[in-house]
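Asks: Below is target.cif; it holds mmCIF, C-alpha atoms and all ligand atoms.
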```
data_my_file
#
loop_
_atom_site.label_atom_id
_atom_site.label_comp_id
_atom_site.auth_asym_id
_atom_site.auth_seq_id
_atom_site.Cartn_x
_atom_site.Cartn_y
_atom_site.Cartn_z
CA MET R 1 33.35 151.49 142.63
CA ASP R 2 31.88 150.84 146.08
CA LYS R 3 32.69 154.39 146.98
CA LEU R 4 30.78 155.65 143.94
CA GLN R 5 27.73 153.56 144.86
CA ASP R 6 27.83 154.84 148.46
CA VAL R 7 28.03 158.41 147.27
CA ILE R 8 25.13 157.91 144.84
CA GLU R 9 22.98 156.47 147.65
CA LEU R 10 23.90 159.38 149.88
CA LEU R 11 23.03 161.95 147.24
CA LYS R 12 19.68 160.23 146.59
CA GLU R 13 18.87 160.13 150.29
CA TYR R 14 19.43 163.88 150.55
CA ASN R 15 17.65 164.87 147.31
CA GLN R 16 20.80 165.84 145.46
CA GLU R 17 20.16 163.79 142.30
CA HIS R 18 21.33 166.69 140.10
CA ILE R 19 24.83 166.04 141.43
CA ILE R 20 24.62 162.40 140.28
CA ARG R 21 23.69 163.62 136.80
CA TRP R 22 26.55 166.13 136.93
CA MET R 23 29.03 163.45 137.99
CA ASN R 24 28.11 161.42 134.91
CA THR R 25 29.46 164.22 132.73
CA LEU R 26 32.87 164.27 134.44
CA ASP R 27 36.09 162.52 133.47
CA GLU R 28 37.48 159.89 135.86
CA GLU R 29 39.89 162.21 137.65
CA LYS R 30 37.31 164.92 138.32
CA LYS R 31 34.85 162.24 139.38
CA ARG R 32 37.32 160.93 141.96
CA GLU R 33 37.84 164.46 143.24
CA ILE R 34 34.15 165.20 143.64
CA ILE R 35 33.56 161.83 145.35
CA GLU R 36 36.24 162.64 147.91
CA GLN R 37 34.67 166.05 148.43
CA ILE R 38 31.16 164.67 148.87
CA LYS R 39 32.39 162.15 151.44
CA GLN R 40 33.54 165.07 153.60
CA ILE R 41 30.15 166.79 153.57
CA ASP R 42 27.92 166.34 156.60
CA PHE R 43 24.57 166.06 154.80
CA HIS R 44 22.63 165.77 158.00
CA GLN R 45 24.08 169.09 159.15
CA MET R 46 23.40 170.67 155.75
CA THR R 47 19.74 169.59 155.91
CA GLU R 48 19.42 171.09 159.37
CA LEU R 49 21.05 174.32 158.24
CA TYR R 50 18.71 174.52 155.26
CA ASP R 51 15.66 173.90 157.47
CA ASN R 52 16.84 176.67 159.78
CA THR R 53 16.78 179.18 156.92
CA LYS R 54 12.99 178.87 157.01
CA LYS R 55 12.65 179.45 160.74
CA GLU R 56 12.22 182.81 162.45
CA VAL R 57 14.87 183.49 165.06
CA GLU R 58 13.14 183.52 168.42
CA ILE R 59 14.62 185.50 171.25
CA LYS R 60 11.49 185.93 173.38
CA GLU R 61 12.16 183.20 175.92
CA ASN R 62 15.54 184.62 176.76
CA LYS R 63 16.19 187.16 179.46
CA ILE R 64 17.74 190.18 177.76
CA GLU R 65 19.30 193.04 179.69
CA ALA R 66 21.40 196.06 178.84
CA ILE R 67 25.15 195.59 179.25
CA LYS R 68 27.60 197.84 181.08
CA TYR R 69 30.36 199.63 179.22
CA ILE R 70 33.04 202.24 179.85
CA ASP R 71 32.99 205.35 177.68
CA LYS R 72 36.56 206.16 176.61
CA GLU R 73 35.63 209.85 176.31
CA LYS R 74 34.50 210.01 179.93
CA LEU R 75 37.67 208.58 181.47
CA THR R 76 39.69 211.07 183.50
CA VAL R 77 43.28 211.64 182.40
CA ILE R 78 44.50 209.61 185.37
CA GLU R 79 42.15 206.70 184.63
CA ARG R 80 43.13 206.72 181.01
CA LYS R 81 46.84 206.80 181.72
CA GLU R 82 46.49 203.88 184.12
CA LEU R 83 44.74 201.74 181.51
CA GLU R 84 47.16 202.72 178.76
CA GLY R 85 50.06 201.82 181.03
CA LEU R 86 48.64 198.37 181.73
CA GLY R 87 48.07 197.72 178.04
CA GLU R 88 51.42 199.08 176.96
CA GLN R 89 53.31 196.78 179.31
CA VAL R 90 51.79 193.70 177.66
CA ILE R 91 52.61 194.90 174.16
CA ARG R 92 56.16 195.90 175.10
CA LYS R 93 56.78 192.46 176.58
CA GLY R 94 55.87 190.88 173.23
CA GLU R 95 52.76 189.22 174.62
CA TYR R 96 50.34 190.72 172.11
CA ALA R 97 49.32 189.36 168.70
CA VAL R 98 46.86 190.51 166.07
CA VAL R 99 44.59 188.42 163.86
CA THR R 100 42.99 189.89 160.74
CA MET R 101 40.04 187.96 159.43
CA ALA R 102 40.34 188.15 155.68
CA GLY R 103 38.56 184.99 154.63
CA GLY R 104 35.27 186.66 153.66
CA GLN R 105 33.93 186.64 150.13
CA GLY R 106 33.31 190.39 149.96
CA THR R 107 30.32 189.77 147.69
CA ARG R 108 28.69 193.15 148.38
CA LEU R 109 31.78 195.09 147.38
CA GLU R 110 32.00 193.14 144.10
CA HIS R 111 35.79 193.44 144.05
CA THR R 112 37.53 190.60 142.24
CA GLY R 113 40.15 189.17 144.54
CA PRO R 114 40.54 189.13 148.32
CA LYS R 115 38.97 192.15 150.01
CA GLY R 116 42.31 193.20 151.52
CA THR R 117 43.61 193.77 147.98
CA PHE R 118 40.97 196.44 147.37
CA LYS R 119 42.53 199.85 146.85
CA LEU R 120 40.77 202.69 148.61
CA ASP R 121 41.06 205.94 146.72
CA VAL R 122 42.66 208.00 149.50
CA TYR R 123 45.12 210.84 149.03
CA GLY R 124 45.27 210.52 145.26
CA LYS R 125 47.55 207.50 145.09
CA GLY R 126 45.23 205.23 147.03
CA LYS R 127 45.97 202.59 149.65
CA TYR R 128 45.14 198.90 149.77
CA LEU R 129 43.12 197.72 152.77
CA PHE R 130 46.02 195.43 153.77
CA GLU R 131 48.36 198.41 153.48
CA ILE R 132 46.20 200.50 155.83
CA LEU R 133 46.22 197.69 158.40
CA ALA R 134 49.98 197.21 158.07
CA GLU R 135 50.50 200.93 158.65
CA ASN R 136 48.41 200.81 161.82
CA LEU R 137 50.48 197.92 163.17
CA LYS R 138 53.81 199.42 162.14
CA GLU R 139 52.89 202.56 164.06
CA ALA R 140 52.23 200.45 167.17
CA ASN R 141 55.51 198.59 166.65
CA LYS R 142 57.35 201.88 166.53
CA ASN R 143 55.63 203.18 169.66
CA TYR R 144 56.25 200.07 171.74
CA GLY R 145 59.57 198.83 170.37
CA VAL R 146 58.31 195.42 169.20
CA THR R 147 57.05 193.63 166.13
CA ILE R 148 53.54 192.44 166.82
CA PRO R 149 52.99 189.05 165.14
CA TRP R 150 50.29 189.49 162.51
CA TYR R 151 48.14 186.45 161.70
CA ILE R 152 45.93 186.70 158.63
CA MET R 153 43.01 184.33 158.21
CA THR R 154 42.32 183.49 154.58
CA SER R 155 39.92 181.09 152.92
CA LYS R 156 40.70 178.17 150.59
CA GLU R 157 39.35 180.38 147.83
CA ASN R 158 41.58 183.40 148.47
CA ASN R 159 44.66 182.07 150.27
CA GLU R 160 46.91 181.90 147.23
CA ALA R 161 45.84 185.30 145.90
CA THR R 162 46.40 186.83 149.36
CA TYR R 163 49.85 185.29 149.65
CA ASP R 164 50.85 186.41 146.14
CA PHE R 165 49.59 189.93 146.79
CA LEU R 166 51.47 190.31 150.07
CA GLU R 167 54.66 188.90 148.53
CA LYS R 168 54.38 191.24 145.58
CA ASN R 169 53.97 194.20 147.90
CA ASN R 170 56.75 193.08 150.22
CA TYR R 171 54.29 192.76 153.11
CA PHE R 172 54.05 196.55 153.09
CA GLY R 173 57.30 196.73 154.98
CA TYR R 174 56.24 194.29 157.70
CA GLU R 175 58.72 191.64 158.84
CA LYS R 176 57.86 188.65 156.66
CA GLU R 177 58.45 186.07 159.40
CA ASP R 178 55.93 187.91 161.58
CA VAL R 179 53.10 187.69 159.04
CA ILE R 180 51.46 184.29 159.31
CA LEU R 181 48.68 183.23 156.95
CA PHE R 182 46.28 180.48 157.99
CA GLU R 183 43.22 179.09 156.23
CA GLN R 184 39.73 178.80 157.64
CA GLY R 185 37.21 176.02 157.12
CA GLU R 186 34.45 175.81 154.52
CA LEU R 187 30.85 174.70 154.18
CA PRO R 188 28.86 174.02 151.00
CA LEU R 189 26.47 176.65 149.69
CA ILE R 190 22.89 175.68 148.90
CA ASN R 191 20.22 177.28 146.79
CA THR R 192 16.68 178.14 147.86
CA GLU R 193 15.55 174.55 147.16
CA GLY R 194 18.26 173.12 149.37
CA LYS R 195 20.37 171.94 146.41
CA LEU R 196 24.15 172.00 146.32
CA LEU R 197 25.79 174.19 143.67
CA ILE R 198 28.63 173.36 141.29
CA ASN R 199 31.62 175.71 141.16
CA LYS R 200 33.62 176.73 138.11
CA ASN R 201 36.05 173.83 138.64
CA GLY R 202 33.24 171.34 138.38
CA LEU R 203 33.24 170.55 142.11
CA ILE R 204 30.70 171.27 144.86
CA LYS R 205 30.72 174.99 145.58
CA GLU R 206 31.83 175.74 149.12
CA ALA R 207 32.63 178.96 150.93
CA SER R 208 34.33 179.99 154.15
CA ASP R 209 32.34 179.19 157.27
CA GLY R 210 32.09 182.69 158.72
CA ASN R 211 34.31 184.85 160.87
CA GLY R 212 33.45 182.60 163.85
CA GLY R 213 35.55 179.98 162.07
CA VAL R 214 38.57 181.90 163.34
CA PHE R 215 38.78 180.04 166.66
CA SER R 216 38.88 176.47 165.45
CA SER R 217 41.07 177.32 162.47
CA LEU R 218 43.56 179.12 164.71
CA ARG R 219 43.92 175.84 166.57
CA THR R 220 43.83 173.35 163.69
CA SER R 221 46.18 175.41 161.50
CA GLY R 222 48.84 175.47 164.20
CA ALA R 223 48.67 179.28 164.55
CA LEU R 224 47.62 178.97 168.19
CA SER R 225 50.63 176.79 168.99
CA ASP R 226 52.83 179.30 167.21
CA MET R 227 51.39 182.03 169.44
CA LYS R 228 52.12 179.96 172.53
CA GLU R 229 55.70 179.45 171.42
CA ARG R 230 56.07 183.19 171.01
CA GLY R 231 54.74 183.76 174.53
CA ILE R 232 51.57 185.54 173.41
CA LYS R 233 48.96 186.21 176.14
CA TRP R 234 46.48 188.57 174.45
CA ILE R 235 45.08 188.35 170.94
CA PHE R 236 43.26 191.07 169.07
CA ILE R 237 40.90 189.83 166.35
CA GLY R 238 39.52 192.26 163.80
CA GLY R 239 38.16 192.45 160.28
CA VAL R 240 39.97 193.42 157.11
CA ASP R 241 37.58 196.12 156.00
CA ASN R 242 37.42 198.87 158.65
CA VAL R 243 39.98 201.48 157.64
CA LEU R 244 39.87 203.16 161.07
CA LEU R 245 40.33 199.95 163.05
CA LYS R 246 42.76 200.43 165.92
CA MET R 247 44.40 197.06 166.37
CA ALA R 248 46.64 197.93 169.29
CA ASP R 249 44.47 200.10 171.52
CA THR R 250 46.19 200.13 174.90
CA THR R 251 43.10 201.54 176.61
CA LEU R 252 41.02 198.56 175.53
CA LEU R 253 43.74 196.12 176.53
CA GLY R 254 44.30 197.91 179.84
CA LEU R 255 40.59 197.83 180.59
CA ALA R 256 40.45 194.07 180.00
CA ILE R 257 43.42 193.59 182.34
CA LYS R 258 42.03 195.90 185.01
CA GLU R 259 38.58 194.29 184.93
CA ASN R 260 40.24 190.89 185.03
CA VAL R 261 38.20 189.50 182.15
CA GLN R 262 39.13 187.14 179.34
CA ILE R 263 37.37 188.99 176.55
CA ALA R 264 36.95 192.64 175.62
CA SER R 265 35.46 194.59 172.77
CA LYS R 266 35.22 198.12 171.49
CA SER R 267 31.78 199.47 170.66
CA ILE R 268 30.41 202.65 169.14
CA VAL R 269 27.00 204.20 169.71
CA LYS R 270 24.41 202.98 167.26
CA ALA R 271 23.60 205.89 164.92
CA ASN R 272 19.82 205.31 165.12
CA PRO R 273 17.45 202.49 166.11
CA THR R 274 17.37 201.07 162.58
CA GLU R 275 21.07 201.06 161.82
CA ARG R 276 22.08 197.62 160.54
CA VAL R 277 24.61 196.70 163.20
CA GLY R 278 24.65 194.06 165.93
CA VAL R 279 24.32 195.38 169.48
CA PHE R 280 25.68 194.18 172.81
CA CYS R 281 23.43 192.97 175.60
CA LYS R 282 23.39 190.36 178.32
CA MET R 283 21.34 187.29 177.48
CA ASN R 284 20.55 184.95 180.35
CA GLY R 285 23.41 186.56 182.26
CA HIS R 286 26.06 186.20 179.55
CA PRO R 287 27.48 188.73 177.10
CA LYS R 288 25.88 188.54 173.69
CA VAL R 289 25.54 190.45 170.43
CA ILE R 290 22.11 190.49 168.83
CA GLU R 291 22.11 190.94 165.08
CA TYR R 292 20.04 193.86 163.77
CA SER R 293 17.78 191.43 161.94
CA GLU R 294 17.07 189.58 165.19
CA LEU R 295 16.41 192.59 167.46
CA PRO R 296 12.67 193.28 167.86
CA GLU R 297 11.71 196.84 166.84
CA LYS R 298 10.44 197.70 170.30
CA MET R 299 13.74 196.79 171.92
CA ALA R 300 15.70 198.60 169.24
CA GLU R 301 13.90 201.81 170.18
CA GLU R 302 14.00 201.43 173.97
CA VAL R 303 15.87 204.18 175.82
CA ASP R 304 17.45 204.26 179.30
CA ASN R 305 17.21 206.94 182.03
CA ASN R 306 19.77 209.09 180.22
CA GLY R 307 17.73 209.03 177.03
CA GLU R 308 20.28 206.80 175.30
CA LEU R 309 19.34 203.65 173.40
CA LYS R 310 19.27 200.78 175.88
CA TYR R 311 20.67 198.44 173.27
CA GLY R 312 22.85 201.03 171.60
CA GLU R 313 26.41 199.67 171.86
CA ALA R 314 27.23 198.49 168.36
CA HIS R 315 29.71 195.68 167.79
CA ILE R 316 32.37 196.80 165.30
CA MET R 317 34.49 193.67 164.97
CA CYS R 318 37.15 194.97 167.33
CA ASN R 319 37.67 192.15 169.83
CA LEU R 320 40.27 191.05 172.30
CA PHE R 321 40.78 187.60 173.86
CA THR R 322 43.24 185.97 176.19
CA ILE R 323 45.01 183.00 174.67
CA ASP R 324 43.19 180.75 177.16
CA ALA R 325 39.86 182.13 175.96
CA ILE R 326 40.75 181.29 172.35
CA GLU R 327 41.82 177.79 173.38
CA LYS R 328 38.51 177.26 175.17
CA ILE R 329 36.31 178.63 172.38
CA SER R 330 38.19 176.71 169.70
CA LYS R 331 36.85 173.47 171.19
CA GLU R 332 33.21 174.59 171.43
CA PRO R 333 30.79 174.35 168.53
CA LEU R 334 29.36 177.70 167.42
CA ILE R 335 25.94 177.93 165.83
CA TYR R 336 25.67 178.75 162.13
CA HIS R 337 23.65 181.67 160.79
CA SER R 338 22.56 181.80 157.18
CA ALA R 339 23.40 184.66 154.85
CA PHE R 340 21.47 184.96 151.60
CA LYS R 341 23.93 185.98 148.88
CA LYS R 342 24.61 186.15 145.14
CA ASN R 343 26.78 183.22 144.13
CA SER R 344 27.71 182.15 140.60
CA TYR R 345 27.56 178.45 139.70
CA LEU R 346 27.55 176.04 136.75
CA ASP R 347 24.20 174.85 135.45
CA GLU R 348 23.53 171.25 134.37
CA ASN R 349 25.09 171.97 130.97
CA GLY R 350 28.26 173.32 132.52
CA LYS R 351 27.41 176.91 131.65
CA GLU R 352 28.32 179.55 134.22
CA VAL R 353 25.35 181.38 135.70
CA ILE R 354 26.06 184.77 137.27
CA PRO R 355 22.88 185.63 139.17
CA SER R 356 21.60 189.20 139.25
CA GLU R 357 19.59 188.45 142.40
CA LYS R 358 20.56 186.69 145.62
CA ASN R 359 20.22 182.98 144.98
CA SER R 360 21.91 180.94 147.69
CA TYR R 361 22.63 180.51 151.37
CA LYS R 362 26.07 180.70 152.90
CA PHE R 363 26.40 179.36 156.43
CA GLU R 364 28.45 181.37 158.81
CA ALA R 365 29.51 181.17 162.43
CA PHE R 366 29.87 184.62 164.00
CA ILE R 367 32.81 185.60 166.16
CA PHE R 368 30.56 187.24 168.73
CA ASP R 369 28.58 184.07 169.43
CA ALA R 370 31.63 183.03 171.42
CA PHE R 371 31.02 185.76 174.00
CA GLU R 372 28.32 183.76 175.70
CA PHE R 373 30.85 181.15 176.84
CA PHE R 374 32.01 183.76 179.36
CA ASP R 375 30.40 185.46 182.34
CA ASP R 376 31.78 188.86 181.57
CA ILE R 377 33.23 191.10 178.93
CA ALA R 378 34.89 194.52 179.14
CA ILE R 379 33.32 196.92 176.66
CA LEU R 380 35.01 200.18 175.78
CA ARG R 381 32.85 202.69 173.96
CA GLY R 382 34.94 204.36 171.27
CA LYS R 383 33.95 207.05 168.82
CA ARG R 384 32.46 206.44 165.43
CA GLU R 385 34.57 209.08 163.70
CA ASP R 386 37.76 207.63 165.21
CA ASP R 387 37.03 203.92 165.09
CA PHE R 388 34.65 202.93 162.35
CA ALA R 389 34.86 203.35 158.58
CA PRO R 390 33.87 200.03 157.00
CA VAL R 391 34.10 199.14 153.33
CA LYS R 392 31.16 196.80 152.80
CA ASN R 393 29.00 197.89 149.88
CA LYS R 394 29.94 198.94 146.37
CA GLU R 395 27.90 202.13 146.76
CA GLY R 396 25.88 204.04 149.36
CA VAL R 397 26.37 203.41 153.07
CA ASP R 398 29.59 201.79 154.25
CA SER R 399 31.10 202.03 150.80
CA PRO R 400 34.55 203.07 149.54
CA LYS R 401 33.19 206.61 149.18
CA THR R 402 32.09 206.93 152.82
CA ALA R 403 35.21 205.16 154.09
CA LYS R 404 37.49 207.49 152.11
CA GLU R 405 35.79 210.54 153.60
CA LEU R 406 36.00 209.22 157.16
CA TYR R 407 39.61 208.09 156.74
CA GLU R 408 40.80 211.39 155.30
CA LYS R 409 38.92 213.40 157.91
CA PHE R 410 40.44 211.31 160.72
CA TRP R 411 43.97 211.85 159.46
CA GLU R 412 43.28 215.53 158.91
CA ARG R 413 42.34 215.80 162.60
CA ASN R 414 45.26 213.66 163.74
CA LYS R 415 48.00 215.15 161.57
CA LYS R 416 51.39 214.91 163.15
P1 LIG R 501 31.42 190.28 156.47
O1 LIG R 501 30.52 189.46 157.25
O2 LIG R 501 31.12 191.71 156.32
O3 LIG R 501 31.57 189.58 155.06
O4 LIG R 501 32.87 190.11 157.07
P2 LIG R 501 32.42 189.82 153.77
O5 LIG R 501 32.78 188.48 153.28
O6 LIG R 501 33.59 190.73 153.98
O7 LIG R 501 31.45 190.54 152.76
P3 LIG R 501 30.07 190.08 152.08
O8 LIG R 501 29.09 189.85 153.20
O9 LIG R 501 30.32 188.83 151.26
O10 LIG R 501 29.73 191.24 151.23
C1 LIG R 501 33.35 190.75 158.21
C2 LIG R 501 34.80 190.35 158.38
O11 LIG R 501 34.90 188.95 158.62
C3 LIG R 501 35.73 188.34 157.63
C4 LIG R 501 35.71 189.29 156.45
O12 LIG R 501 36.85 189.10 155.64
C5 LIG R 501 35.67 190.64 157.15
O13 LIG R 501 36.95 191.01 157.61
N1 LIG R 501 35.19 187.01 157.29
C6 LIG R 501 33.89 186.86 156.98
C7 LIG R 501 36.06 185.96 157.29
O14 LIG R 501 37.26 186.08 157.57
N2 LIG R 501 35.54 184.73 156.98
C8 LIG R 501 34.25 184.53 156.66
O15 LIG R 501 33.87 183.38 156.38
C9 LIG R 501 33.39 185.63 156.67
#
```
For this file, produce the structure as structure tokens.
Ligand code: UTP

Replies:
Amino acid sequence: MDKLQDVIELLKEYNQEHIIRWMNTLDEEKKREIIEQIKQIDFHQMTELYDNTKKEVEIKENKIEAIKYIDKEKLTVIERKELEGLGEQVIRKGEYAVVTMAGGQGTRLEHTGPKGTFKLDVYGKGKYLFEILAENLKEANKNYGVTIPWYIMTSKENNEATYDFLEKNNYFGYEKEDVILFEQGELPLINTEGKLLINKNGLIKEASDGNGGVFSSLRTSGALSDMKERGIKWIFIGGVDNVLLKMADTTLLGLAIKENVQIASKSIVKANPTERVGVFCKMNGHPKVIEYSELPEKMAEEVDNNGELKYGEAHIMCNLFTIDAIEKISKEPLIYHSAFKKNSYLDENGKEVIPSEKNSYKFEAFIFDAFEFFDDIAILRGKREDDFAPVKNKEGVDSPKTAKELYEKFWERNKK
């Protein structure tokens, strides 16, 4: 009973009285469950995160500069071969692993189930996003005579469904012991008044804590130790929803090795100053990605001596880290950004509300915020038509329709 009283006091202190009323409607077992859950919540942090949603992001005091990159297209044949050779050696030695971040909610796509289980309507029969990724890795395995260990980050919400789906589809022909699922952490969602929401199981509604959660969850889940045991030295981390993502690009890996850096990333040229992508820069001397929403208009339009956008290298979630870099980042706290999203919840009468408008904040750490822990990064500029076909929105830009077109055109050009 003491526990209950403590929890009630805590909820009162943080203006969450509606949860006390909700708890009164629950049976003893559910009540115990929600009490345990509430005890894990850092209310001080949640209050801070909520307050931050009302603040403008200020980048003025920071020194921002353009960042250097290497354009893959402009490499000579000799340069390219050298980089590919360096990268290939690492993969052939079995020192390369891939992580797919598949813990997102995929709210914009409105697909029920994990995003990787979405079937893209390509070549009549269609292919699942997980299937497309598996094919890309199997191709690399064939080329380099190895099986690249494939780590898939799920969320508490979608772990079981992801596992069941992969089992049912026989891991799309991938060696089962080389596909390792691990779960990421969660944070509660809050509505515009800073109130916690109730999920359909009658508990506090939480959601995965952003793709930046990948570093700490790699460590706490044991996946990082597993990589060490396997002798992994380089780790590629990418998203689940870019159907042209190249997960074993030997040029990118070779560039990182040649430049003797711990982190590397592939970029593409921003289509226009208003495109909604994050761009690379150096902030106070460290690599950084500025989100489109945080880049002042004037800077977004600035051009360099060649007439190219000064901040025009878009981040496409195609990142490479040494294992030491992951170890280091996994112990550092990353800041949380807020994303305003549509999230269903139970009202005070236990009735499910499915909002038609965005109603709540999800707090997310971003993978690229980890770049600033390093002095340098190797950036390889790829090509949009070869490297980037995201499935984000149900319709319009970056939708299944645009991704299908880009995917089919790519394979038309690269037919064997
Ligand atoms: P997005 O930020 O585009 O989010 O994820 P999303 O969840 O797929 O879609 P929306 O915003 O709800 O519509 C980019 C990549 O990061 C992963 C996603 O699965 C995707 O591969 N991600 C995102 C995670 O693994 N965990 C998260 O908490 C968030």

Asks: Report the closest atom pair, with its distance in Å rounded to one decimal, for each residue of chain R that has an atom no farther than 6 Å from ligand LIG 501 (chain R); count all atoms listed in the file, sort by chain and then rising residue number, and write it as JSON lines.

Replies:
```
{"residue": "R:Met101", "atom": "CA", "partner": "R:LIG501", "partner_atom": "O14", "distance": 3.8}
{"residue": "R:Ala102", "atom": "CA", "partner": "R:LIG501", "partner_atom": "O12", "distance": 3.6}
{"residue": "R:Gly103", "atom": "CA", "partner": "R:LIG501", "partner_atom": "O14", "distance": 3.4}
{"residue": "R:Gly104", "atom": "CA", "partner": "R:LIG501", "partner_atom": "O5", "distance": 3.1}
{"residue": "R:Gln105", "atom": "CA", "partner": "R:LIG501", "partner_atom": "O5", "distance": 3.8}
{"residue": "R:Gly106", "atom": "CA", "partner": "R:LIG501", "partner_atom": "O7", "distance": 3.4}
{"residue": "R:Thr107", "atom": "CA", "partner": "R:LIG501", "partner_atom": "O9", "distance": 3.7}
{"residue": "R:Arg108", "atom": "CA", "partner": "R:LIG501", "partner_atom": "O10", "distance": 3.6}
{"residue": "R:Leu109", "atom": "CA", "partner": "R:LIG501", "partner_atom": "O10", "distance": 5.8}
{"residue": "R:Ser208", "atom": "CA", "partner": "R:LIG501", "partner_atom": "O15", "distance": 4.1}
{"residue": "R:Asp209", "atom": "CA", "partner": "R:LIG501", "partner_atom": "O15", "distance": 4.5}
{"residue": "R:Gly210", "atom": "CA", "partner": "R:LIG501", "partner_atom": "O15", "distance": 3.0}
{"residue": "R:Asn211", "atom": "CA", "partner": "R:LIG501", "partner_atom": "N2", "distance": 4.1}
{"residue": "R:Gly239", "atom": "CA", "partner": "R:LIG501", "partner_atom": "O13", "distance": 3.3}
{"residue": "R:Val240", "atom": "CA", "partner": "R:LIG501", "partner_atom": "O13", "distance": 3.9}
{"residue": "R:Asp241", "atom": "CA", "partner": "R:LIG501", "partner_atom": "O13", "distance": 5.4}
{"residue": "R:Lys392", "atom": "CA", "partner": "R:LIG501", "partner_atom": "O10", "distance": 6.0}
```

Asks: What gap, in Å, lies between CA of Val289 (chain R) and CA of Phe118 (chain R)?

Replies: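 Pair CA of Val289 (chain R) / CA of Phe118 (chain R) returns 28.4 Å.
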
Asks: Which one of R:Leu189, R:Leu203, R:Ala264, R:Ile329 sits closest to Leu380 (chain R) if you count only C-alpha atoms?

Replies: R:Ala264

Asks: Just give me the gap between CA of Tyr151 (chain R) and CA of Asn414 (chain R) in Å, one decimal is fine.

Replies: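 These atoms are spaced 27.4 Å apart.
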
Asks: Go ahead and compute the interatomic distance for CA of Tyr14 (chain R) and CA of Ser344 (chain R), in Å to one decimal.

Replies: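 That distance, rounded to one decimal, is 22.4 Å.
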
Asks: Excluding Phe363 (chain R) and any residue of its chain fewer than 4 positions from it, enumerate the residues within 7 Å of it, using only C-alpha atoms, and give them as a ChimeraX atom specification.

Replies: /R:187,209-210,336-339

Asks: Write out as number ranges by chain each polymer residue whose atoms come within 10 Å of Leu4 (chain R), counting all atoms listed in the file; drop sequence neighbours fewer than 2 positions from it.

Replies: R: 1-2, 6-10, 20, 23, 31-32, 35-36

Asks: Taking every listed atom of region 21-39 of chain R and adding 6 Å to each side, what centre and edge lengths in Å (one decimal) does the axis-aligned box have, as lines of an AutoDock Vina configuration file?

Replies:
```
center_x = 31.8
center_y = 163.0
center_z = 142.1
size_x = 28.2
size_y = 18.2
size_z = 30.7
```

Asks: Would you tabulate, counting all atoms listed in the file, all residues of region 239-323 of chain R that have an atom at most 12 Å from an atom of region 53-56 of chain R, showing the closest pair of atoms and their distance in Å to one decimal, sorted by chain then ascending number, as JSON lines?

Replies:
```
{"residue": "R:Ser293", "atom": "CA", "partner": "R:Glu56", "partner_atom": "CA", "distance": 10.3}
{"residue": "R:Glu294", "atom": "CA", "partner": "R:Glu56", "partner_atom": "CA", "distance": 8.8}
{"residue": "R:Leu295", "atom": "CA", "partner": "R:Glu56", "partner_atom": "CA", "distance": 11.8}
{"residue": "R:Pro296", "atom": "CA", "partner": "R:Glu56", "partner_atom": "CA", "distance": 11.8}
```

Asks: Please determine, counting all atoms listed in the file, which residue among R:Asn359, R:Thr100, R:Asn136, R:Thr251 has the shortest atom-to-atom distance to Phe182 (chain R).

Replies: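 Ranked by minimum distance to Phe182 (chain R), first place goes to R:Thr100.
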
Asks: When distances are computed from only C-alpha atoms, which of R:Thr220, R:Glu206, R:Asn343, R:Glu412 shows the smallest separation from Glu364 (chain R)?

Replies: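 Smallest separation from Glu364 (chain R) among the options: R:Glu206.
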